[in-house]
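First comes the structure, then the notes that go with it.
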2 protein chains.
Amino acid sequence: MVHGHLKPVSSRLTVQTIGRLSLYRRLLLEVSASGARQIYSHQLATAAVATPAQVRRDLMAIGFSGSPRRGYAVDDLIAAINAVLARNVETSVALVGVGNLGRAILAYFANREPWVRFTAAFDRDPDKVNRILHGCRVYPIDRAEEIIRRDGIRAAAIAVPASEAQHTADRLVLAGVRSFLNFAPVRLHVPTGTFVDDVDMTTALDRVAFYAHQPQGS
Amino acid sequence: MVHGHLKPVSSRLTVQTIGRLSLYRRLLLEVSASGARQIYSHQLATAAVATPAQVRRDLMAIGFSGSPRRGYAVDDLIAAINAVLARNVETSVALVGVGNLGRAILAYFANREPWVRFTAAFDRDPDKVNRILHGCRVYPIDRAEEIIRRDGIRAAAIAVPASEAQHTADRLVLAGVRSFLNFAPVRLHVPTGTFVDDVDMTTALDRVAFYAHQPQGS
DNA sequence: AGCTATCTGTGACTGCGTTCACAATGTGAA
DNA sequence: TTCACATTGTGAACGCAGTCACAGATAGCT
């Protein structure tokens, strides 16, 4: 779930399209590694569990063209997506909350997405600070504003308890963060122009439990 | 992201509504604990970062009525949502993949959602099996079909590497699982009537990185 | 060189989730 | 008891993401 008000970035680059581009890139990297140099929209669509028209629309949105009867050039497409998604620069992300979940996040993303790096983590617990976890240094939460400003960090993952999430977000916004990956099972109130992507495992689990009880029929 | 084709469960119980009901319930439990007995749609909407009309439509979808000038009865509403979401029974969920992420999931949900329980976990690694993690026993992956069938488990969380996710899902579907919480950064091909809720942290992080670079203006 | 098959690019359309707006309701105050 | 008004319930309108369907393009085959 995504919330937070944003004007469209370009003509037709919606949040959904951005998400699918991320998926396409992952799939294309595998395709490229397997040696294929061209790919059709219907092949990419199958891999992404989408429709060919959807794929073509998404690529149209980033101004990437293929050629009839040959499809899209895989490596060029990867480069085009890289240019759009990450502006070809490494993005620094802060992590707040180094509990079970926070540590799993650091472990999960270590060496996974080269264009994104967790450069600083923060926690309230004095026992957790001043360590280095998966290449990310943990600082006391009180130094968050200072370090985020110093390093020009504009993105942050929130992995604190639900009761502290809003307060944490407020502080980060003031420090200059405009884009949140929110793992807390609450919705954050943020100013216009701030992006929030909720990764709400609680809601997801409730949904899964609900549909587990539905009658088999399609 | 949710995929997998499903006919509407009831008249207007969409996937989105189910998700919001889960959120409402969490908020209402806090409200109830704080002592309030009635709540207005606009109060619930503010807490959920939604609109009053949205809240009223969702409650209409589960046939719950309030009264003008007094709003909705908090405890009755919680009970109504419980009845819809979990059918008032405990749901058993299997976990496949007991790596960093899988263990974090078990820790995260231990004692969090009383109506959902991870009753069995599976892993390929012989070193990980036959332990009990956060109240959940870990079995070798080869016993998955047997145990899922034995316990009538219909929901599963997938926390295996991307390359094994599809294969894992296929086996689980054959064993009777109809509802997936997919943490692997791929889209699963599943038969009609099977539900998949993707918790794709990779895509989410890419989105957050993208919007971190967008100009401040709303 | 011409022809054909098949894929891309895109205007138009569709369906659906959300929001609007207002009639109906009934509560609490005087 | 009456009145006033804040809140609910919901038909209708809206907007947008996704799909359709076809014109345009081009590579390969004969």
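Simple scheme: letters A, B, ... for chains in structure tokens order, numbers from 1 for residues in each chain, numbers from 1 for ligands in the order shown.
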Contacts of DT8 of chain D at 12 Å or less, counting only C-alpha atoms (C1' of nucleotides), minus same-chain residues fewer than 3 places along, as a list in words?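 Close residues of DT8 of chain D: Tyr40, Ser41, His42, Pro52, Ala53, Val55, Arg56, Arg57, Leu59, Met60, Phe64, Ser65, Gly66, Ser67, Pro68, Arg69, Arg70, Gly71 and Tyr72 of chain B; DC22, DA23, DA24, DT25 and DG26 of chain C.
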Requested write-out: N, CA and C atoms (P, O5', C5', C4', C3', O3' and C1' of nucleotides) of the selected residues, as a PDB file, in the first residue's frame:
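Generated file (selection14.pdb):
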ATOM      1  N   TYR B  40     -16.741   7.900  15.410  1.00  0.00           N
ATOM      2  CA  TYR B  40     -17.313   8.422  14.179  1.00  0.00           C
ATOM      3  C   TYR B  40     -16.480   7.978  12.983  1.00  0.00           C
ATOM      4  N   SER B  41     -17.104   7.947  11.830  1.00  0.00           N
ATOM      5  CA  SER B  41     -16.375   7.553  10.616  1.00  0.00           C
ATOM      6  C   SER B  41     -15.204   8.500  10.364  1.00  0.00           C
ATOM      7  N   HIS B  42     -15.371   9.776  10.683  1.00  0.00           N
ATOM      8  CA  HIS B  42     -14.272  10.690  10.388  1.00  0.00           C
ATOM      9  C   HIS B  42     -13.103  10.499  11.352  1.00  0.00           C
ATOM     10  N   PRO B  52     -13.803   9.708   5.399  1.00  0.00           N
ATOM     11  CA  PRO B  52     -14.987   9.205   6.100  1.00  0.00           C
ATOM     12  C   PRO B  52     -15.873   8.357   5.195  1.00  0.00           C
ATOM     13  N   ALA B  53     -16.037   8.795   3.961  1.00  0.00           N
ATOM     14  CA  ALA B  53     -16.885   8.042   3.027  1.00  0.00           C
ATOM     15  C   ALA B  53     -16.313   6.641   2.805  1.00  0.00           C
ATOM     16  N   VAL B  55     -14.533   4.868   4.890  1.00  0.00           N
ATOM     17  CA  VAL B  55     -14.811   4.073   6.084  1.00  0.00           C
ATOM     18  C   VAL B  55     -16.261   3.587   6.075  1.00  0.00           C
ATOM     19  N   ARG B  56     -17.180   4.476   5.782  1.00  0.00           N
ATOM     20  CA  ARG B  56     -18.595   4.088   5.793  1.00  0.00           C
ATOM     21  C   ARG B  56     -18.885   3.029   4.739  1.00  0.00           C
ATOM     22  N   ARG B  57     -18.274   3.189   3.550  1.00  0.00           N
ATOM     23  CA  ARG B  57     -18.456   2.179   2.491  1.00  0.00           C
ATOM     24  C   ARG B  57     -17.924   0.817   2.942  1.00  0.00           C
ATOM     25  N   LEU B  59     -17.605  -0.341   5.978  1.00  0.00           N
ATOM     26  CA  LEU B  59     -18.448  -0.936   7.014  1.00  0.00           C
ATOM     27  C   LEU B  59     -19.778  -1.387   6.421  1.00  0.00           C
ATOM     28  N   MET B  60     -20.248  -0.643   5.423  1.00  0.00           N
ATOM     29  CA  MET B  60     -21.445  -1.056   4.708  1.00  0.00           C
ATOM     30  C   MET B  60     -21.218  -2.419   4.067  1.00  0.00           C
ATOM     31  N   PHE B  64     -22.356  -3.606   8.554  1.00  0.00           N
ATOM     32  CA  PHE B  64     -22.352  -3.051   9.902  1.00  0.00           C
ATOM     33  C   PHE B  64     -22.925  -1.644   9.886  1.00  0.00           C
ATOM     34  N   SER B  65     -23.855  -1.377  10.784  1.00  0.00           N
ATOM     35  CA  SER B  65     -24.503  -0.065  10.821  1.00  0.00           C
ATOM     36  C   SER B  65     -24.147   0.716  12.065  1.00  0.00           C
ATOM     37  N   GLY B  66     -24.069   2.018  11.899  1.00  0.00           N
ATOM     38  CA  GLY B  66     -23.899   2.904  13.038  1.00  0.00           C
ATOM     39  C   GLY B  66     -25.194   3.645  13.276  1.00  0.00           C
ATOM     40  N   SER B  67     -25.149   4.634  14.124  1.00  0.00           N
ATOM     41  CA  SER B  67     -26.355   5.439  14.283  1.00  0.00           C
ATOM     42  C   SER B  67     -25.978   6.906  14.141  1.00  0.00           C
ATOM     43  N   PRO B  68     -26.838   7.656  13.476  1.00  0.00           N
ATOM     44  CA  PRO B  68     -26.551   9.067  13.263  1.00  0.00           C
ATOM     45  C   PRO B  68     -26.299   9.763  14.594  1.00  0.00           C
ATOM     46  N   ARG B  69     -25.381  10.640  14.616  1.00  0.00           N
ATOM     47  CA  ARG B  69     -25.013  11.449  15.787  1.00  0.00           C
ATOM     48  C   ARG B  69     -24.347  10.656  16.904  1.00  0.00           C
ATOM     49  N   ARG B  70     -24.248   9.341  16.795  1.00  0.00           N
ATOM     50  CA  ARG B  70     -23.504   8.608  17.824  1.00  0.00           C
ATOM     51  C   ARG B  70     -22.355   7.804  17.236  1.00  0.00           C
ATOM     52  N   GLY B  71     -22.412   7.607  15.921  1.00  0.00           N
ATOM     53  CA  GLY B  71     -21.333   6.865  15.271  1.00  0.00           C
ATOM     54  C   GLY B  71     -21.475   5.365  15.432  1.00  0.00           C
ATOM     55  N   TYR B  72     -20.332   4.675  15.480  1.00  0.00           N
ATOM     56  CA  TYR B  72     -20.307   3.218  15.515  1.00  0.00           C
ATOM     57  C   TYR B  72     -19.896   2.725  16.902  1.00  0.00           C
TER      58      TYR B  72
ATOM     59  P    DC C  22     -25.826  18.364  -3.223  1.00  0.00           P
ATOM     60  O5'  DC C  22     -27.187  17.693  -2.730  1.00  0.00           O
ATOM     61  C5'  DC C  22     -27.595  16.458  -3.320  1.00  0.00           C
ATOM     62  C4'  DC C  22     -28.200  15.553  -2.269  1.00  0.00           C
ATOM     63  C3'  DC C  22     -28.977  16.284  -1.154  1.00  0.00           C
ATOM     64  O3'  DC C  22     -30.162  15.571  -0.906  1.00  0.00           O
ATOM     65  C1'  DC C  22     -27.506  14.771  -0.227  1.00  0.00           C
ATOM     66  P    DA C  23     -31.570  16.370  -0.752  1.00  0.00           P
ATOM     67  O5'  DA C  23     -32.618  15.177  -0.569  1.00  0.00           O
ATOM     68  C5'  DA C  23     -32.450  13.973  -1.316  1.00  0.00           C
ATOM     69  C4'  DA C  23     -32.609  12.766  -0.396  1.00  0.00           C
ATOM     70  C3'  DA C  23     -33.724  12.901   0.638  1.00  0.00           C
ATOM     71  O3'  DA C  23     -34.362  11.641   0.792  1.00  0.00           O
ATOM     72  C1'  DA C  23     -31.672  12.567   1.752  1.00  0.00           C
ATOM     73  P    DA C  24     -35.574  11.459   1.798  1.00  0.00           P
ATOM     74  O5'  DA C  24     -34.898  10.667   2.993  1.00  0.00           O
ATOM     75  C5'  DA C  24     -34.254   9.416   2.721  1.00  0.00           C
ATOM     76  C4'  DA C  24     -33.708   8.856   4.020  1.00  0.00           C
ATOM     77  C3'  DA C  24     -34.698   8.863   5.190  1.00  0.00           C
ATOM     78  O3'  DA C  24     -34.600   7.612   5.848  1.00  0.00           O
ATOM     79  C1'  DA C  24     -32.723  10.021   5.809  1.00  0.00           C
ATOM     80  P    DT C  25     -35.524   7.286   7.101  1.00  0.00           P
ATOM     81  O5'  DT C  25     -34.557   7.557   8.319  1.00  0.00           O
ATOM     82  C5'  DT C  25     -33.267   6.930   8.365  1.00  0.00           C
ATOM     83  C4'  DT C  25     -32.524   7.418   9.590  1.00  0.00           C
ATOM     84  C3'  DT C  25     -33.369   7.470  10.874  1.00  0.00           C
ATOM     85  O3'  DT C  25     -32.725   6.686  11.838  1.00  0.00           O
ATOM     86  C1'  DT C  25     -32.089   9.452  10.610  1.00  0.00           C
ATOM     87  P    DG C  26     -33.539   5.866  12.898  1.00  0.00           P
ATOM     88  O5'  DG C  26     -33.002   6.551  14.238  1.00  0.00           O
ATOM     89  C5'  DG C  26     -31.593   6.775  14.384  1.00  0.00           C
ATOM     90  C4'  DG C  26     -31.368   7.954  15.303  1.00  0.00           C
ATOM     91  C3'  DG C  26     -32.379   8.063  16.456  1.00  0.00           C
ATOM     92  O3'  DG C  26     -31.705   8.525  17.599  1.00  0.00           O
ATOM     93  C1'  DG C  26     -32.299  10.067  15.325  1.00  0.00           C
TER      94       DG C  26
END
Got a sec to tell me which of segment 89-176 of chain B DSSP assigns to alpha helix (DSSP H), as a ChimeraX atom specification? /B:100-109,144-151,162-175
Just want the 12 Å neighbourhood of DA29 of chain C, counted on only C-alpha atoms (C1' of nucleotides), with same-chain residues fewer than 3 positions away dropped. Output as a ChimeraX atom specification. /D:1-5
What would the file look like if the residues just selected were written as a compact mmCIF listing (two decimals), in the first residue's frame with all heavy atoms?
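Written output follows (out-v3.txt):
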# COMPACT_ATOMS: atom_id res chain seq x y z
P DT D 1 -44.60 13.57 24.16
OP1 DT D 1 -45.83 13.34 24.83
OP2 DT D 1 -44.00 12.79 23.12
O5' DT D 1 -44.32 15.11 23.81
C5' DT D 1 -45.17 16.17 24.20
C4' DT D 1 -44.67 17.34 23.42
O4' DT D 1 -43.40 17.77 23.99
C3' DT D 1 -44.43 17.05 21.95
O3' DT D 1 -44.96 18.11 21.18
C2' DT D 1 -42.92 16.95 21.84
C1' DT D 1 -42.40 17.80 22.99
N1 DT D 1 -41.15 17.30 23.63
C2 DT D 1 -40.13 18.19 23.85
O2 DT D 1 -40.18 19.35 23.54
N3 DT D 1 -39.02 17.64 24.45
C4 DT D 1 -38.84 16.33 24.87
O4 DT D 1 -37.80 15.96 25.42
C5 DT D 1 -39.95 15.47 24.61
C7 DT D 1 -39.89 14.01 24.99
C6 DT D 1 -41.04 15.97 24.01
P DT D 2 -45.07 18.08 19.56
OP1 DT D 2 -46.36 18.66 19.16
OP2 DT D 2 -44.68 16.74 19.11
O5' DT D 2 -43.93 19.11 19.16
C5' DT D 2 -43.77 20.31 19.95
C4' DT D 2 -42.43 20.92 19.65
O4' DT D 2 -41.38 20.28 20.42
C3' DT D 2 -42.01 20.83 18.17
O3' DT D 2 -41.65 22.11 17.71
C2' DT D 2 -40.83 19.85 18.20
C1' DT D 2 -40.27 20.08 19.58
N1 DT D 2 -39.48 18.94 20.15
C2 DT D 2 -38.26 19.18 20.73
O2 DT D 2 -37.76 20.29 20.79
N3 DT D 2 -37.63 18.06 21.22
C4 DT D 2 -38.10 16.76 21.20
O4 DT D 2 -37.44 15.83 21.68
C5 DT D 2 -39.38 16.58 20.58
C7 DT D 2 -39.97 15.21 20.49
C6 DT D 2 -40.01 17.66 20.08
P DC D 3 -41.39 22.40 16.16
OP1 DC D 3 -42.18 23.60 15.79
OP2 DC D 3 -41.53 21.14 15.39
O5' DC D 3 -39.86 22.82 16.20
C5' DC D 3 -39.33 23.44 17.38
C4' DC D 3 -37.82 23.39 17.32
O4' DC D 3 -37.34 22.16 17.92
C3' DC D 3 -37.25 23.43 15.90
O3' DC D 3 -36.20 24.37 15.85
C2' DC D 3 -36.79 21.99 15.66
C1' DC D 3 -36.40 21.55 17.06
N1 DC D 3 -36.48 20.09 17.31
C2 DC D 3 -35.47 19.45 18.05
O2 DC D 3 -34.53 20.13 18.49
N3 DC D 3 -35.54 18.11 18.28
C4 DC D 3 -36.58 17.42 17.80
N4 DC D 3 -36.61 16.10 18.05
C5 DC D 3 -37.62 18.04 17.04
C6 DC D 3 -37.53 19.36 16.82
P DA D 4 -35.63 24.89 14.44
OP1 DA D 4 -35.81 26.36 14.39
OP2 DA D 4 -36.16 24.04 13.35
O5' DA D 4 -34.08 24.58 14.63
C5' DA D 4 -33.51 24.63 15.95
C4' DA D 4 -32.19 23.85 15.93
O4' DA D 4 -32.43 22.45 16.16
C3' DA D 4 -31.45 23.94 14.60
O3' DA D 4 -30.06 24.01 14.86
C2' DA D 4 -31.83 22.64 13.91
C1' DA D 4 -31.89 21.70 15.10
N9 DA D 4 -32.76 20.53 14.89
C8 DA D 4 -33.91 20.47 14.17
N7 DA D 4 -34.49 19.28 14.19
C5 DA D 4 -33.65 18.52 14.99
C6 DA D 4 -33.69 17.18 15.40
N6 DA D 4 -34.67 16.35 15.05
N1 DA D 4 -32.69 16.74 16.18
C2 DA D 4 -31.73 17.59 16.54
N3 DA D 4 -31.57 18.88 16.22
C4 DA D 4 -32.58 19.29 15.43
P DC D 5 -29.05 24.59 13.76
OP1 DC D 5 -28.68 25.95 14.19
OP2 DC D 5 -29.63 24.36 12.42
O5' DC D 5 -27.78 23.64 13.92
C5' DC D 5 -27.62 22.83 15.09
C4' DC D 5 -27.17 21.44 14.71
O4' DC D 5 -28.31 20.57 14.49
C3' DC D 5 -26.36 21.37 13.40
O3' DC D 5 -25.25 20.51 13.61
C2' DC D 5 -27.34 20.74 12.41
C1' DC D 5 -28.04 19.78 13.35
N1 DC D 5 -29.31 19.22 12.84
C2 DC D 5 -29.69 17.92 13.23
O2 DC D 5 -28.97 17.29 14.01
N3 DC D 5 -30.84 17.40 12.75
C4 DC D 5 -31.60 18.11 11.91
N4 DC D 5 -32.72 17.55 11.47
C5 DC D 5 -31.22 19.42 11.49
C6 DC D 5 -30.09 19.93 11.97
Identify which of the residues A:Asp75, A:Glu30, A:Asp58, A:Glu164 lies closest to chain C, counting only C-alpha atoms (C1' of nucleotides) when measuring atom-to-atom distances.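 Ranked by minimum distance to chain C, first place goes to A:Asp58.
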A:Leu28, A:Ile39, A:Ala184, A:Ala156 ranked by distance to chain C, top pick (using only C-alpha atoms (C1' of nucleotides)): A:Ile39
Select all residues from chain D having any atom no more than 12 Å from an atom of chain A (counting only C-alpha atoms (C1' of nucleotides), ignoring ligands), output as a PyMOL selection string. chain D and resi 16-21+24-28
Report as a PyMOL selection string the set of chain C residues whose atoms approach chain A to within 9 Å, with distances computed over only C-alpha atoms (C1' of nucleotides). chain C and resi 6-10
Return the neighbours of chain B among the residues of chain A, cut-off 7 Å, counting only C-alpha atoms, as a ChimeraX atom specification. /A:5-7,18-19,22-23,48-49,85-86,91,100-101,104,154-155,178-181,187,189,192-193,195,197,199,203-212,216-218
Which neighbours of Asn130 of chain A fall inside 10 Å, counting only C-alpha atoms (C1' of nucleotides), when residues of the same chain fewer than 3 positions from it are skipped, and could you give them as a list in words?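 Selected residues are Ala121, Phe122, Pro126, Asp127, Leu133, Arg137, Val138, Tyr139 and Pro140 of chain A.
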Please produce a file of the residues just selected, as a PDB file, in the first residue's frame, where the atoms kept are all heavy atoms.
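Written file, selection.pdb:
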ATOM      1  N   ALA A 121      22.021   3.300  10.563  1.00  0.00           N
ATOM      2  CA  ALA A 121      20.874   2.763  11.286  1.00  0.00           C
ATOM      3  C   ALA A 121      20.807   3.446  12.647  1.00  0.00           C
ATOM      4  O   ALA A 121      21.840   3.891  13.178  1.00  0.00           O
ATOM      5  CB  ALA A 121      20.991   1.251  11.447  1.00  0.00           C
ATOM      6  N   PHE A 122      19.608   3.533  13.191  1.00  0.00           N
ATOM      7  CA  PHE A 122      19.433   4.209  14.476  1.00  0.00           C
ATOM      8  C   PHE A 122      18.573   3.369  15.400  1.00  0.00           C
ATOM      9  O   PHE A 122      17.655   2.679  14.954  1.00  0.00           O
ATOM     10  CB  PHE A 122      18.769   5.575  14.255  1.00  0.00           C
ATOM     11  CG  PHE A 122      19.535   6.463  13.326  1.00  0.00           C
ATOM     12  CD1 PHE A 122      19.179   6.562  11.991  1.00  0.00           C
ATOM     13  CD2 PHE A 122      20.639   7.187  13.782  1.00  0.00           C
ATOM     14  CE1 PHE A 122      19.903   7.370  11.116  1.00  0.00           C
ATOM     15  CE2 PHE A 122      21.364   7.991  12.919  1.00  0.00           C
ATOM     16  CZ  PHE A 122      20.994   8.081  11.585  1.00  0.00           C
ATOM     17  N   PRO A 126      20.717   1.670  23.992  1.00  0.00           N
ATOM     18  CA  PRO A 126      22.172   1.917  24.032  1.00  0.00           C
ATOM     19  C   PRO A 126      22.998   0.654  23.770  1.00  0.00           C
ATOM     20  O   PRO A 126      24.126   0.745  23.294  1.00  0.00           O
ATOM     21  CB  PRO A 126      22.405   2.421  25.463  1.00  0.00           C
ATOM     22  CG  PRO A 126      21.058   2.845  25.952  1.00  0.00           C
ATOM     23  CD  PRO A 126      20.062   1.987  25.265  1.00  0.00           C
ATOM     24  N   ASP A 127      22.421  -0.511  24.055  1.00  0.00           N
ATOM     25  CA  ASP A 127      23.164  -1.752  23.846  1.00  0.00           C
ATOM     26  C   ASP A 127      23.361  -2.068  22.371  1.00  0.00           C
ATOM     27  O   ASP A 127      24.223  -2.851  21.994  1.00  0.00           O
ATOM     28  CB  ASP A 127      22.425  -2.925  24.498  1.00  0.00           C
ATOM     29  CG  ASP A 127      22.425  -2.813  26.016  1.00  0.00           C
ATOM     30  OD1 ASP A 127      23.186  -1.973  26.540  1.00  0.00           O
ATOM     31  OD2 ASP A 127      21.654  -3.543  26.660  1.00  0.00           O
ATOM     32  N   LEU A 133      26.402  -3.613  11.524  1.00  0.00           N
ATOM     33  CA  LEU A 133      25.594  -4.770  11.146  1.00  0.00           C
ATOM     34  C   LEU A 133      25.483  -4.817   9.624  1.00  0.00           C
ATOM     35  O   LEU A 133      24.947  -3.895   9.003  1.00  0.00           O
ATOM     36  CB  LEU A 133      24.184  -4.620  11.742  1.00  0.00           C
ATOM     37  CG  LEU A 133      23.833  -5.400  13.003  1.00  0.00           C
ATOM     38  CD1 LEU A 133      24.871  -5.177  14.092  1.00  0.00           C
ATOM     39  CD2 LEU A 133      22.439  -4.989  13.480  1.00  0.00           C
ATOM     40  N   ARG A 137      26.434   1.000  10.046  1.00  0.00           N
ATOM     41  CA  ARG A 137      26.725   1.417  11.407  1.00  0.00           C
ATOM     42  C   ARG A 137      25.466   1.824  12.151  1.00  0.00           C
ATOM     43  O   ARG A 137      24.604   2.500  11.590  1.00  0.00           O
ATOM     44  CB  ARG A 137      27.687   2.617  11.358  1.00  0.00           C
ATOM     45  CG  ARG A 137      28.024   3.194  12.694  1.00  0.00           C
ATOM     46  CD  ARG A 137      29.480   2.990  12.995  1.00  0.00           C
ATOM     47  NE  ARG A 137      29.857   3.492  14.289  1.00  0.00           N
ATOM     48  CZ  ARG A 137      30.952   4.205  14.504  1.00  0.00           C
ATOM     49  NH1 ARG A 137      31.745   4.525  13.487  1.00  0.00           N
ATOM     50  NH2 ARG A 137      31.262   4.581  15.728  1.00  0.00           N
ATOM     51  N   VAL A 138      25.371   1.424  13.416  1.00  0.00           N
ATOM     52  CA  VAL A 138      24.198   1.748  14.229  1.00  0.00           C
ATOM     53  C   VAL A 138      24.520   2.898  15.178  1.00  0.00           C
ATOM     54  O   VAL A 138      25.480   2.817  15.957  1.00  0.00           O
ATOM     55  CB  VAL A 138      23.734   0.532  15.053  1.00  0.00           C
ATOM     56  CG1 VAL A 138      22.471   0.879  15.841  1.00  0.00           C
ATOM     57  CG2 VAL A 138      23.500  -0.674  14.152  1.00  0.00           C
ATOM     58  N   TYR A 139      23.731   3.964  15.095  1.00  0.00           N
ATOM     59  CA  TYR A 139      23.919   5.137  15.935  1.00  0.00           C
ATOM     60  C   TYR A 139      22.771   5.277  16.925  1.00  0.00           C
ATOM     61  O   TYR A 139      21.679   4.737  16.709  1.00  0.00           O
ATOM     62  CB  TYR A 139      23.939   6.403  15.066  1.00  0.00           C
ATOM     63  CG  TYR A 139      25.033   6.443  14.032  1.00  0.00           C
ATOM     64  CD1 TYR A 139      24.797   5.986  12.741  1.00  0.00           C
ATOM     65  CD2 TYR A 139      26.288   6.960  14.337  1.00  0.00           C
ATOM     66  CE1 TYR A 139      25.786   6.030  11.775  1.00  0.00           C
ATOM     67  CE2 TYR A 139      27.282   7.014  13.375  1.00  0.00           C
ATOM     68  CZ  TYR A 139      27.027   6.547  12.099  1.00  0.00           C
ATOM     69  OH  TYR A 139      28.017   6.598  11.152  1.00  0.00           O
ATOM     70  N   PRO A 140      22.995   6.025  18.002  1.00  0.00           N
ATOM     71  CA  PRO A 140      21.869   6.327  18.895  1.00  0.00           C
ATOM     72  C   PRO A 140      20.861   7.216  18.164  1.00  0.00           C
ATOM     73  O   PRO A 140      21.254   8.057  17.349  1.00  0.00           O
ATOM     74  CB  PRO A 140      22.519   7.065  20.067  1.00  0.00           C
ATOM     75  CG  PRO A 140      23.833   7.537  19.555  1.00  0.00           C
ATOM     76  CD  PRO A 140      24.262   6.587  18.493  1.00  0.00           C
TER      77      PRO A 140
END
